[in-house]
Amino acid sequence: MLARAVTFALVGLEPRRVEAEAHVQFGQPSFTIVGLADRACQEAKQRVRSGTLSAELTWPGKDHRITVNLAPAELKKEGSGFDLPIALAILAATHQIPRARLEEHASCGELALDGRLRRVGGVIAVAEGARRAGLERLVCPYEACAEAALAGVEPVGVRHLADAAAYLRGELEPPEFVVGNGKPRRPPLDLADVRGQERARRALELAAAGRHNMLLGGPPGIGKTMLARRLPGILPPLEEEQALEVTRIHSVAGLVDPDHPLVGYPPFRAPHHSASTAAIVGGGPRLRPGEASLAHRGVLLLDELAEFQRPALEALRQPLEDGEILVARAAGSVRFPARFQLIGTMNLCPCGARGDPGAECTCSAQRLARYRDKLSRALMDRFDLVVTVPRPRATDLQGGPGEGSDVVRGRVVAARLRLAETRPARTPEADELLTRAVERLPLSGRGRAKVADVARTIAALAASDQVLPEHLAEALAYRPPKELST
Amino acid sequence: MTVLRRRELPPLLRAIHDPPARLYLRGTGDRDLVSQTAVAIVGARACSPYGSQVARMLGRELAAAGIVVVSGLARGVDGEAHRGALEAGGRTVAVLGCGIDRDYPAAHASLAREIAEGSLLVSEYEAGVEPAPWRFPARNRIIAGLCAATVVVEARERSGALITADFALEEGREVFAVPGEITSALSAGTNALLRLGATPLTSAADVLESLGIEPPSAVRPAISEVAASLLERLPASVDELVRASGRSVGEVAAAIAELEIAGLAAEGDGLCRALA
């Protein structure tokens, strides 16, 4: 007998329709899966067989030959999400569930040996594929219901293969799914924890208001990372469209929290400096989104920027420019959105003592030059705000806690609104100051444009319709200092 | 390219114990540049922001007074001294420790080009000679030899800049040392020079005075009241200035930028310092 179940495979972030066709006939006993299935997919045989038996369903007898084809045959199938469609197709082929009803549903999920269903990544993309293909219902693991519902299909959440079969036979209504606490999770860290550091705090606020990339330099242990981690907390929440876009990417990476499926706040990613190029921009054999894409519409923190591999850093230039990453393969290319805000931190020298009055830098001139050469000028140019934070003297640590994230976020939101409505223009006096600065300070053409851009953000934060000389002068203070430029 | 034979060497250089056999010149500057009143500014390659700012300031002010600034085109203090001189529209001479056609270090290739336009690069080595560690101390005798006075800006205990100072002392030329923090290893060399009797340098005017040159009357650019009040509190970080003055970060940052444009202050490693 022949039966088919519909599911979707992911190519990058895009769902492609895949039909799991099962053919069960008399013959030498065997179980074969064809259709460019990868290792995890081939191993589905063992899980499907055990799962079916554990569900007290009938497995085709000793004199049956089972062939499963995952069509289209030229598309690579990866992962364990095909377990459920394969099992359902075999059950339909052996008349244990109605074939016609199965074809009205899409399905995905991994089977445990005892027949329970496990979550897989990318459910939201599968659900989207189902919606586009005109299938209204998706049979999926119960925990993935909330994720599937975001894509606008009706999820049929089941906990066990037996439930799925019962549901398709019309013997069981799927349990209502309850989202634990459907609201997106707020970024947990608050700016009030940061004492002192007035200048760096101000730069952080500017970065948030103007979506500027920022580089924090300074000796170790002065709170560069602590500050950077508090940036998401002062950013406005994502709009619905953006939230869905981000959730889709996180779903493919298997990062969606079942209790808070929607990523409603700007995501924050901080890969370790040992990360490979593929880990950062995406790709690899399974074409997964990288950290840069996971930080889409949010913040990508590269802590100890100069310790990253240079190819990984250089690969970031494309997304910083275009807001997306194109991963090309011989078989075709995949686009990952990656419009993130880049925050970097670094020491001022390899030994870390520069900028620290209590320590003596032992770096040689060559070593220092090599350290700074790690960052190409092209990458350095992407940072609109560069702030050097010296180690505060002990007395400076005292003093009350700073403003909380809520207060700062209020100002950021207001400034963003203002920037979206009108672009503050420079007054003639401000123009004159900029010209003078270009003459007197080392400032490239690109540097000039960045200063003008930051000055606009400063004006917007000050609720001014014009960029005044004082706004421009402050913007000049965030240009890269000589010791960090190459 | 021009070559000066031994008897064509400037008198000061010819007078040293071991003058070079010939001196190659590169650049569009007048060949008389090497015979004019010159001051050497030398120091550490891995200098601190303090050192680089002082070197730049001295280069600028000495060149503005018409003195030729001589140094060794190295990273750090040397490069800053050349840049300061060029910034003031003055003239400078870079003495190389390698063949006259080489730009070493490579990072200073563009600086060398700027110097070649209007000033001079000089070397006792013919084209094609590789830079080698032992050539740099030899080069230092030419730096000291060309100059009436030598200023050491920052030097560790065993620094090449001290070799230059030794040559200058041997030839009876004036040696100045820029005082630094006694706790900083980068000032150990200069402070040792001071203890041995070098003249402490507190401003470019000290050098001019010893050479009998009238310093050009400085016109202080007009700056705002806020900037002037902050200038008095330097050196300090922006955060310290914010707390000390009670002004907002924005105001302080704007005032610092104003001082930087006016050439009165500079920021390095997060600390603002007054210049001049």
# chains A, B, ... in the order shown; residues from 1 in each chain; ligands from 1

call {"tool": "closest_atom_pairs", "arguments": {"of": "chain B", "to": "chain A", "cutoff": "9 Å", "atoms": "only C-alpha atoms", "output": "CSV"}}
result
residue,atom,partner,partner_atom,distance
B:Ala44,CA,A:Ala365,CA,8.8
B:Arg45,CA,A:Ala365,CA,5.7
B:Ala46,CA,A:Ala365,CA,4.4
B:Cys47,CA,A:Ala365,CA,8.1
B:Ser48,CA,A:Arg354,CA,8.4
B:Pro49,CA,A:Glu483,CA,8.0
B:Arg75,CA,A:Ala365,CA,7.3
B:Gly76,CA,A:Ala365,CA,7.8
B:Thr183,CA,A:Glu360,CA,8.9
B:Ser184,CA,A:Glu360,CA,7.0
B:Ala185,CA,A:Glu360,CA,7.2
B:Leu186,CA,A:Glu360,CA,8.8
B:Ser237,CA,A:Pro390,CA,7.2
B:Val238,CA,A:Arg199,CA,6.6
B:Asp239,CA,A:Glu198,CA,5.6
B:Glu240,CA,A:Asp396,CA,8.0
B:Val242,CA,A:Glu198,CA,7.6
B:Arg243,CA,A:Glu198,CA,8.9
B:Ser248,CA,A:Glu198,CA,8.8
B:Val249,CA,A:Arg199,CA,6.0
B:Gly250,CA,A:Glu474,CA,5.8
B:Glu251,CA,A:Glu474,CA,7.2
B:Val252,CA,A:Glu474,CA,8.0
B:Ala253,CA,A:Glu474,CA,5.0
B:Ala254,CA,A:Glu474,CA,4.0
B:Ala255,CA,A:Ala473,CA,7.3
B:Ile256,CA,A:Ala477,CA,7.3
B:Ala257,CA,A:Ala473,CA,5.6
B:Glu258,CA,A:Ala473,CA,6.7
B:Glu260,CA,A:Leu441,CA,7.7
B:Ile261,CA,A:Arg440,CA,5.7
B:Ala262,CA,A:Arg440,CA,8.0
B:Gly263,CA,A:Arg440,CA,8.0
B:Glu267,CA,A:Pro481,CA,7.4
B:Gly268,CA,A:Pro481,CA,6.9
B:Asp269,CA,A:Gly355,CA,5.0
B:Gly270,CA,A:Thr388,CA,4.8
B:Leu271,CA,A:Pro390,CA,6.9

call {"tool": "residues_around", "arguments": {"residues": "Thr190 of chain B", "least_positions_apart": "4", "cutoff": "7 Å", "atoms": "only C-alpha atoms", "output": "mmCIF file with C-alpha atoms, in the first residue's frame"}}
result
data_model
loop_
_atom_site.group_PDB
_atom_site.id
_atom_site.type_symbol
_atom_site.label_atom_id
_atom_site.label_comp_id
_atom_site.auth_asym_id
_atom_site.auth_seq_id
_atom_site.Cartn_x
_atom_site.Cartn_y
_atom_site.Cartn_z
ATOM 1 C CA VAL B 152 64.772 62.828 25.360
ATOM 2 C CA GLU B 154 60.472 59.119 27.261
ATOM 3 C CA ALA B 155 62.983 56.345 27.676
ATOM 4 C CA ALA B 177 65.119 65.319 29.482
ATOM 5 C CA VAL B 178 61.351 65.507 29.917
ATOM 6 C CA PRO B 179 60.494 64.651 33.538
ATOM 7 C CA LEU B 194 68.038 64.233 35.045
#

call {"tool": "residues_around", "arguments": {"residues": "Ile234 of chain A", "least_positions_apart": "2", "cutoff": "8 Å", "atoms": "only C-alpha atoms", "output": "number ranges by chain"}}
result
A: 205, 208, 230-232, 236, 405-406, 408-409, 412

call {"tool": "atom_distance", "arguments": {"atom1": "atom CA of Ala463 of chain A", "atom2": "atom CA of Arg211 of chain A"}}
result
17.0 Å

call {"tool": "closest_residue", "arguments": {"among": "B:Met57, B:Ala205, B:Leu264, B:Ala165", "to": "Ala144 of chain B", "atoms": "only C-alpha atoms"}}
result
B:Ala165

call {"tool": "select_by_dssp", "arguments": {"residues": "segment 38-281 of chain A", "states": "strand (DSSP E or B)", "output": "VMD selection string"}}
result
chain A and resid 64 to 71 77 105 to 107 110 to 111 116 to 118 137 to 141 154 to 158 160 214 to 217 257 260 268 to 269

call {"tool": "residues_around", "arguments": {"residues": "segment 332-338 of chain A", "least_positions_apart": "3", "cutoff": "7 Å", "atoms": "only C-alpha atoms", "output": "PyMOL selection string"}}
result
chain A and resi 12+289+292-293+295-296+319+323-329

call {"tool": "atom_distance", "arguments": {"atom1": "atom CA of Arg118 of chain A", "atom2": "atom CA of Val24 of chain A"}}
result
25.9 Å
